[in-house]
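The next block holds one structure in the form of structure tokens; read it before the comments.
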Amino acid sequence: MALLPLLLFASLPSLSAAQATGGNLSNCRGGCELGELCVSNPFLQPGVEDSACQKCAGGREYWPCNFETVCHCNAAATDAPRVPPAPRSGEKANEEVDACRDVLTQEVFNSVVRPSTLEGNALFTYKGLCDAMAQYNQFHDEKFAGMGTEEQIRRELAAFLAHTAVDTFGYSVIREEMHCVDPITGTDGNVYCKPCKEEHYNPQTKACGQSYFASGNPSYEAYCDGTRQPPSGCGCDATMVGQANVPGNPGAEGYVLASEAFFKRGALQTEWNYEYYGASLALTGTDYLCANPDLVATDPVYAWGVAISKWMEKMIFGTQGATAHKQALKGNFGGGIKVLHGALECPADKWTSEVHVGMVKERVSQICKSGSALGVYLEMDRCDNPRDGDCLACEGLKELYESCSADGTCPDCPRWTEFVRSSAPTVTPLRVESPTWDDWANNYGTRSSARRDALTWPVLASVLLLSVATLVTAFCVI
């Protein structure tokens with residue numbers, strides 16, 4: 001059943017390969033290139049109507065036409081799926097490099113993604129990630145791990161895997177543990193979870209000291225935002241999810257049906273009814289995941305897919321549409337932390353909670369690991385242009401990187417540069433010396449300008465000598 005929306009979605013004529021969503025991403029100003037309608041993105045900005053966005057086609061430059069993806073071009077059919085575009089990076093799509101075939105091979109993936117649980121092994125698979133990339137990219141002009149140079153693709157994959165490793169606790173946790181204590185699969189095939197309140201949960205033992213419903217709560221109220229109902233979120237009612245009888249387990253108490261809860265799941269933690277709605281739009285063009293958010297914990301394509309959509313589309317307002325995707329393409333690891341986790345983890349040296357202080361340090365450790373595996377380097381805070389409002393900094397991250405590299409608490413970081421050839425990445429990570437011009441010319445072909453540059457100087461020199469010889473001959477004749 002999980003494959004059904006993918007098959008249907010791929011066959012929709014309004015979303016053919018020649019008509020991917022977001023043909024004009026700059027808020028439809030000046031009209032849509034393929035004759036589509038300029039429509040609103042209610043997930044991103046509730047309250048903006050299609051009628052307001054259609055004024056952008058006439059050239060309006062103020063709200064809502066001045067913020068990327070609030071309005072976007074979409075097929076004109078009234079029942080056409082709406083897949084909001086990702087903010088543009090300004091890079092061109094790389095049509096030569098296939099991320100899974102040429103960069104993130106199964107061997108490289110296995111060196112980074114090493115779940116310690118059976119559930120993690122079954123969910124966070126290589127095929128699932130590659131299929132999720134294909135599903136997202138099929139309907140988006142801005143591609144995940146498909147923009148810019150091969151080095152930029154490597155940067156993005158390294159940063160993405162560093163973040164997902166932390167959010168999933170080493171790819172081993174598939175549902176938020178505090179809200180799914182002692183999960184049970186009923187004889188009906190459905191998964192049931194025992195939610196716990198923070199004050200009763202022991203993170204060391206993974207045990208709940210008191211039932212969520214013990215104090216008289218009639219329903220499970222977490223992660224349902226009543227202000228974000230359709231069309232800006234999955235429909236939910238905090239009073240409707242009550243205790244469930246677990247088929248085949250008559251003594252089980254304090255459980256809820258997992259498919260009715262919007263707690264954290266996915267390779268990048270996706271939570272709340274509105275985040276599931278946004279991810280569902282990005283991956284299927286419909287609210288498919290709203291009916292069963294637990295697909296994110298059972299289907300590898302959705303487990304990785306919700307993470308890709310968050311990576312590509314979550315923005316910080318007040319910026320030029322800054323996303324983790326765009327920060328990685330700039331080689332800026334800290335900017336991605338700023339986008340995804342904000343004040344919880346940036347500044348990196350600020351105490352917010354024991355959990356997040358540990359998580360940001362683990363992100364540093366993981367980028368050293370994934371960067372080594374992919375043979376690429378990212379700066380902790382890299383903004384080449386100080387006037388670039390799209391480049392974000394996570395203050396204190398560089399100092400954290402230096403300190404944990406020195407004291408051994410980030411064990412992969414001191415060895416990172418030993419595996420890096422950032423100026424000439426290889427498909428298989430190697431311990432290498434700096435590349436020569438012959439390395440470029442012999443190994444990288446059309447993926448870089450090195451072959452052209454290596455050949456250009458001899459040709460120019462020959463032309464110059466020939467020109468001089470011609471002038472001398474002409475002078476002697478005269």
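By convention in this document, the chains of the structure tokens carry letters A, B, ... by their order, each chain's residues are numbered from 1, and ligands are numbered from 1 in the order they are shown.
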
Requested in this report: Give the alpha helix (DSSP H) residues of region 22-271 of chain A, as DSSP finds them on the backbone, and put them as a VMD selection string.
Outcome: chain A and resid 50 to 53 106 to 112 118 to 123 126 to 138 150 to 167

Report task. Write out as a PyMOL selection string which residues come within 7 Å of Pro183 (chain A) when counting only C-alpha atoms, dropping same-chain ones fewer than 6 positions away. Result -> chain A and resi 191-194

Query - Residues near region 199-208 of chain A, cut-off 10 Å, only C-alpha atoms, skip fewer than 4 positions along chain, as a PyMOL selection string - result: chain A and resi 177-182+194-195+212

Export of the given selection (N, CA and C atoms) as a CSV table (one decimal), in the first residue's frame:
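Contents of result00.csv, freshly written:
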```
chain,number,residue,atom,x,y,z
A,177,GLU,N,11.3,7.8,21.4
A,177,GLU,CA,11.2,6.8,22.5
A,177,GLU,C,10.3,7.2,23.6
A,178,MET,N,10.3,8.4,24.0
A,178,MET,CA,9.5,8.9,25.1
A,178,MET,C,8.0,8.7,24.8
A,179,HIS,N,7.6,8.8,23.5
A,179,HIS,CA,6.2,8.8,23.1
A,179,HIS,C,5.9,7.4,22.6
A,180,CYS,N,6.8,6.5,22.6
A,180,CYS,CA,6.5,5.1,22.1
A,180,CYS,C,7.3,4.1,22.9
A,181,VAL,N,7.0,4.1,24.2
A,181,VAL,CA,7.7,3.2,25.2
A,181,VAL,C,7.1,1.8,24.9
A,182,ASP,N,7.9,0.8,24.9
A,182,ASP,CA,7.5,-0.6,24.8
A,182,ASP,C,6.4,-0.8,23.7
A,194,LYS,N,3.1,3.2,23.9
A,194,LYS,CA,2.8,3.7,25.2
A,194,LYS,C,3.4,5.1,25.4
A,195,PRO,N,2.7,6.2,25.2
A,195,PRO,CA,3.3,7.5,25.4
A,195,PRO,C,3.6,7.8,26.9
A,212,TYR,N,0.7,7.8,30.8
A,212,TYR,CA,0.3,9.1,30.3
A,212,TYR,C,-1.2,9.5,30.8
```

Query raised in the report: Quick one: distance from CA of Phe144 (chain A) to CA of Thr105 (chain A) in Å, one decimal?
Result: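 Pair CA of Phe144 (chain A) / CA of Thr105 (chain A) returns 16.0 Å.
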
Query raised in the report: In Å, how far is it from CA of Glu253 (chain A) to CA of Glu271 (chain A)?
Result: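 Computed distance, CA of Glu253 (chain A) to CA of Glu271 (chain A), equals 24.3 Å.
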
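For the atom pair formed by CA of Ala99 (chain A) and CA of Leu157 (chain A), the distance is 8.5 Å, given to one decimal.
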
Query - Using only C-alpha atoms: which of A:Ala282, A:Cys410, A:Ala343, A:Cys368 has the shortest distance to Ala159 (chain A) - result: A:Cys368

Give one line per residue of region 167-217 of chain A that approaches region 231-247 of chain A to at most 8 Å, naming the two atoms of the closest pair and their distance in Å to one decimal, counting only C-alpha atoms; sort by chain then ascending residue number and deliver it as CSV.
```
residue,atom,partner,partner_atom,distance
A:Ile184,CA,A:Val246,CA,8.0
A:Gly186,CA,A:Pro247,CA,5.0
A:Thr187,CA,A:Pro247,CA,5.4
A:Asp188,CA,A:Pro247,CA,6.4
A:Tyr192,CA,A:Val246,CA,7.0
A:Phe213,CA,A:Gln243,CA,7.9
```

Output N, CA and C atoms of each residue in that selection to a file, as a PDB file, in the first residue's frame.
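part.pdb was written with the following content:
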```pdb
ATOM      1  N   ILE A 184       4.137  -2.346  20.830  1.00  0.00           N
ATOM      2  CA  ILE A 184       3.574  -3.678  20.646  1.00  0.00           C
ATOM      3  C   ILE A 184       2.914  -3.736  19.272  1.00  0.00           C
ATOM      4  N   GLY A 186       0.000  -5.462  17.427  1.00  0.00           N
ATOM      5  CA  GLY A 186      -1.208  -6.232  17.726  1.00  0.00           C
ATOM      6  C   GLY A 186      -1.451  -7.327  16.704  1.00  0.00           C
ATOM      7  N   THR A 187      -2.383  -8.196  17.018  1.00  0.00           N
ATOM      8  CA  THR A 187      -2.713  -9.264  16.076  1.00  0.00           C
ATOM      9  C   THR A 187      -3.363  -8.715  14.805  1.00  0.00           C
ATOM     10  N   ASP A 188      -3.740  -7.442  14.815  1.00  0.00           N
ATOM     11  CA  ASP A 188      -4.278  -6.804  13.615  1.00  0.00           C
ATOM     12  C   ASP A 188      -3.190  -6.255  12.702  1.00  0.00           C
ATOM     13  N   TYR A 192       1.276  -0.318  18.297  1.00  0.00           N
ATOM     14  CA  TYR A 192       0.700   0.471  19.389  1.00  0.00           C
ATOM     15  C   TYR A 192       1.839   0.975  20.270  1.00  0.00           C
ATOM     16  N   PHE A 213      -1.987   8.460  30.885  1.00  0.00           N
ATOM     17  CA  PHE A 213      -3.407   8.648  31.187  1.00  0.00           C
ATOM     18  C   PHE A 213      -3.724   8.520  32.680  1.00  0.00           C
TER      19      PHE A 213
END
```

**Report entry** Distance query region 89-95 of chain A at most 6 Å, only C-alpha atoms, self and fewer than 3 positions along chain excluded, as a ChimeraX atom specification
**Finding:** /A:146-148,326

**Report entry** Shell around Gln366 (chain A) at 10 Å using only C-alpha atoms, local window under 3 positions removed, as a list in words
**Finding:**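 Within the cut-off, the hits are Val112, Ala158, Ala159, Leu161, Ala162, His163, Thr164, Ala165, Val166, Gly170, Val360, Lys361, Glu362, Arg363, Lys369, Ser370, Gly371, Ser372, Cys410, Pro411, Asp412 and Cys413 of chain A.
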
Same residues, all heavy atoms, saved as a compact mmCIF listing (two decimals), in the first residue's frame:
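Listing of part_13.txt after writing:
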```txt
# COMPACT_ATOMS: atom_id res chain seq x y z
N VAL A 112 29.12 4.64 6.88
CA VAL A 112 28.55 5.73 7.69
C VAL A 112 27.30 5.29 8.44
O VAL A 112 27.14 5.58 9.63
CB VAL A 112 28.23 6.95 6.79
CG1 VAL A 112 27.58 8.06 7.61
CG2 VAL A 112 29.48 7.47 6.10
N ALA A 158 27.46 14.53 2.75
CA ALA A 158 28.19 14.41 4.03
C ALA A 158 27.44 15.13 5.14
O ALA A 158 27.28 14.60 6.25
CB ALA A 158 29.61 14.96 3.87
N ALA A 159 27.00 16.35 4.87
CA ALA A 159 26.29 17.12 5.90
C ALA A 159 24.96 16.46 6.24
O ALA A 159 24.59 16.36 7.42
CB ALA A 159 26.05 18.55 5.40
N LEU A 161 24.08 13.27 6.03
CA LEU A 161 24.28 12.05 6.80
C LEU A 161 24.76 12.34 8.22
O LEU A 161 24.45 11.59 9.15
CB LEU A 161 25.27 11.13 6.08
CG LEU A 161 24.75 10.51 4.78
CD1 LEU A 161 25.85 9.73 4.07
CD2 LEU A 161 23.54 9.61 5.04
N ALA A 162 25.51 13.42 8.39
CA ALA A 162 25.93 13.80 9.75
C ALA A 162 24.72 14.16 10.60
O ALA A 162 24.61 13.74 11.76
CB ALA A 162 26.90 14.98 9.68
N HIS A 163 23.80 14.93 10.04
CA HIS A 163 22.61 15.33 10.80
C HIS A 163 21.67 14.15 11.05
O HIS A 163 21.13 14.00 12.15
CB HIS A 163 21.86 16.43 10.04
CG HIS A 163 22.48 17.78 10.17
ND1 HIS A 163 22.44 18.52 11.34
CD2 HIS A 163 23.18 18.54 9.29
CE1 HIS A 163 23.07 19.67 11.16
NE2 HIS A 163 23.53 19.70 9.93
N THR A 164 21.46 13.33 10.04
CA THR A 164 20.54 12.21 10.21
C THR A 164 21.09 11.19 11.21
O THR A 164 20.32 10.57 11.95
CB THR A 164 20.23 11.52 8.87
OG1 THR A 164 21.45 11.14 8.22
CG2 THR A 164 19.45 12.47 7.96
N ALA A 165 22.40 11.03 11.25
CA ALA A 165 22.99 10.11 12.22
C ALA A 165 22.67 10.54 13.65
O ALA A 165 22.38 9.71 14.52
CB ALA A 165 24.50 10.03 12.03
N VAL A 166 22.69 11.85 13.89
CA VAL A 166 22.42 12.36 15.24
C VAL A 166 20.93 12.28 15.56
O VAL A 166 20.53 11.85 16.65
CB VAL A 166 22.92 13.81 15.38
CG1 VAL A 166 22.57 14.38 16.75
CG2 VAL A 166 24.44 13.86 15.16
N GLY A 170 22.24 7.31 15.73
CA GLY A 170 23.02 6.30 15.04
C GLY A 170 22.17 5.39 14.17
O GLY A 170 22.51 4.22 13.98
N VAL A 360 24.75 18.78 19.52
CA VAL A 360 25.53 19.62 18.62
C VAL A 360 26.98 19.16 18.58
O VAL A 360 27.63 19.18 17.52
CB VAL A 360 25.42 21.11 19.02
CG1 VAL A 360 26.16 21.40 20.32
CG2 VAL A 360 25.95 22.01 17.90
N LYS A 361 27.49 18.66 19.69
CA LYS A 361 28.84 18.11 19.70
C LYS A 361 28.90 16.84 18.86
O LYS A 361 29.87 16.60 18.13
CB LYS A 361 29.29 17.82 21.13
CG LYS A 361 30.75 17.41 21.25
CD LYS A 361 31.14 17.31 22.72
CE LYS A 361 32.62 16.99 22.87
NZ LYS A 361 33.02 16.91 24.31
N GLU A 362 27.85 16.04 18.93
CA GLU A 362 27.80 14.81 18.14
C GLU A 362 27.70 15.13 16.65
O GLU A 362 28.22 14.39 15.81
CB GLU A 362 26.62 13.95 18.59
CG GLU A 362 26.50 12.62 17.88
CD GLU A 362 27.68 11.69 18.11
OE1 GLU A 362 28.47 11.92 19.06
OE2 GLU A 362 27.83 10.72 17.34
N ARG A 363 27.05 16.24 16.30
CA ARG A 363 26.98 16.64 14.89
C ARG A 363 28.38 16.95 14.36
O ARG A 363 28.70 16.60 13.21
CB ARG A 363 26.06 17.85 14.71
CG ARG A 363 24.62 17.58 15.03
CD ARG A 363 23.69 18.75 14.72
NE ARG A 363 22.45 18.59 15.47
CZ ARG A 363 21.47 17.76 15.15
NH1 ARG A 363 21.59 17.02 14.07
NH2 ARG A 363 20.39 17.68 15.90
N LYS A 369 33.22 12.19 10.39
CA LYS A 369 33.10 10.81 9.93
C LYS A 369 32.57 10.73 8.51
O LYS A 369 33.15 10.07 7.64
CB LYS A 369 32.20 10.02 10.89
CG LYS A 369 31.98 8.57 10.50
CD LYS A 369 31.07 7.88 11.51
CE LYS A 369 30.81 6.43 11.13
NZ LYS A 369 29.92 5.76 12.13
N SER A 370 31.45 11.40 8.25
CA SER A 370 30.85 11.33 6.91
C SER A 370 31.68 12.10 5.89
O SER A 370 31.77 11.70 4.72
CB SER A 370 29.42 11.86 6.94
OG SER A 370 29.36 13.20 7.38
N GLY A 371 32.31 13.19 6.33
CA GLY A 371 33.19 13.93 5.43
C GLY A 371 34.37 13.09 4.99
O GLY A 371 34.78 13.10 3.83
N SER A 372 34.94 12.32 5.92
CA SER A 372 36.03 11.43 5.58
C SER A 372 35.58 10.36 4.60
O SER A 372 36.26 10.05 3.62
CB SER A 372 36.59 10.76 6.85
OG SER A 372 37.16 11.71 7.72
N CYS A 410 35.91 13.98 19.90
CA CYS A 410 35.43 13.83 18.52
C CYS A 410 36.50 13.03 17.78
O CYS A 410 37.33 13.59 17.05
CB CYS A 410 35.21 15.18 17.84
SG CYS A 410 33.90 16.19 18.59
N PRO A 411 36.55 11.72 17.97
CA PRO A 411 37.69 10.92 17.54
C PRO A 411 37.95 10.91 16.05
O PRO A 411 39.08 10.69 15.62
CB PRO A 411 37.33 9.51 18.05
CG PRO A 411 35.85 9.52 18.21
CD PRO A 411 35.51 10.92 18.63
N ASP A 412 36.93 11.14 15.22
CA ASP A 412 37.13 11.11 13.78
C ASP A 412 37.70 12.42 13.23
O ASP A 412 38.21 12.44 12.11
CB ASP A 412 35.81 10.81 13.07
CG ASP A 412 35.35 9.38 13.28
OD1 ASP A 412 36.04 8.46 12.81
OD2 ASP A 412 34.32 9.18 13.94
N CYS A 413 37.63 13.49 14.02
CA CYS A 413 38.01 14.80 13.49
C CYS A 413 39.51 14.96 13.23
O CYS A 413 39.89 15.51 12.20
CB CYS A 413 37.49 15.91 14.40
SG CYS A 413 35.67 16.03 14.38
```

If you count only C-alpha atoms, which residues fall within 9 Å of region 396-408 of chain A, apart from same-chain ones fewer than 4 positions away, as a CSV table (one decimal) with N, CA, C and O atoms, in the first residue's frame?
```csv
chain,number,residue,atom,x,y,z
A,334,GLY,N,27.8,24.7,9.7
A,334,GLY,CA,27.2,25.4,10.8
A,334,GLY,C,25.9,26.0,10.4
A,334,GLY,O,24.9,26.1,11.2
A,346,CYS,N,22.3,26.7,18.5
A,346,CYS,CA,23.2,27.8,18.1
A,346,CYS,C,22.8,29.0,18.9
A,346,CYS,O,21.6,29.4,19.0
A,347,PRO,N,23.8,29.7,19.5
A,347,PRO,CA,25.2,29.4,19.5
A,347,PRO,C,25.6,28.0,20.1
A,347,PRO,O,25.0,27.6,21.0
A,348,ALA,N,26.6,27.4,19.5
A,348,ALA,CA,27.0,26.1,19.9
A,348,ALA,C,27.6,26.0,21.3
A,348,ALA,O,27.6,24.9,21.9
A,349,ASP,N,28.1,27.1,21.8
A,349,ASP,CA,28.7,27.1,23.1
A,349,ASP,C,27.7,27.6,24.2
A,349,ASP,O,28.1,27.9,25.3
A,350,LYS,N,26.5,27.7,23.8
A,350,LYS,CA,25.5,28.2,24.8
A,350,LYS,C,24.7,27.0,25.4
A,350,LYS,O,24.3,26.1,24.7
A,360,VAL,N,24.7,18.8,19.5
A,360,VAL,CA,25.5,19.6,18.6
A,360,VAL,C,27.0,19.2,18.6
A,360,VAL,O,27.6,19.2,17.5
A,361,LYS,N,27.5,18.7,19.7
A,361,LYS,CA,28.8,18.1,19.7
A,361,LYS,C,28.9,16.8,18.9
A,361,LYS,O,29.9,16.6,18.1
A,364,VAL,N,29.2,17.6,15.2
A,364,VAL,CA,30.6,17.9,14.8
A,364,VAL,C,31.3,16.6,14.6
A,364,VAL,O,32.0,16.4,13.6
A,365,SER,N,31.2,15.7,15.5
A,365,SER,CA,31.9,14.4,15.4
A,365,SER,C,31.4,13.6,14.1
A,365,SER,O,32.2,13.0,13.4
A,379,GLU,N,33.5,23.7,6.1
A,379,GLU,CA,33.8,24.6,7.2
A,379,GLU,C,32.8,24.5,8.3
A,379,GLU,O,31.6,24.3,8.0
A,380,MET,N,33.1,24.8,9.5
A,380,MET,CA,32.2,24.9,10.6
A,380,MET,C,31.3,26.2,10.4
A,380,MET,O,30.1,26.1,10.6
A,381,ASP,N,31.9,27.2,9.9
A,381,ASP,CA,31.2,28.5,9.6
A,381,ASP,C,31.9,29.1,8.4
A,381,ASP,O,32.9,29.7,8.6
A,412,ASP,N,36.9,11.1,15.2
A,412,ASP,CA,37.1,11.1,13.8
A,412,ASP,C,37.7,12.4,13.2
A,412,ASP,O,38.2,12.4,12.1
A,413,CYS,N,37.6,13.5,14.0
A,413,CYS,CA,38.0,14.8,13.5
A,413,CYS,C,39.5,15.0,13.2
A,413,CYS,O,39.9,15.5,12.2
A,414,PRO,N,40.4,14.5,14.1
A,414,PRO,CA,41.8,14.7,13.8
A,414,PRO,C,42.3,13.9,12.6
A,414,PRO,O,43.2,14.3,11.9
```

Report task. Quick one: everything within 8 Å of Met133 (chain A), counting only C-alpha atoms, minus sequence neighbours fewer than 2 positions away in the same chain. Send it as JSON, numbers by chain. Result -> {"A": [129, 130, 131, 135, 136, 137, 144, 305, 308]}
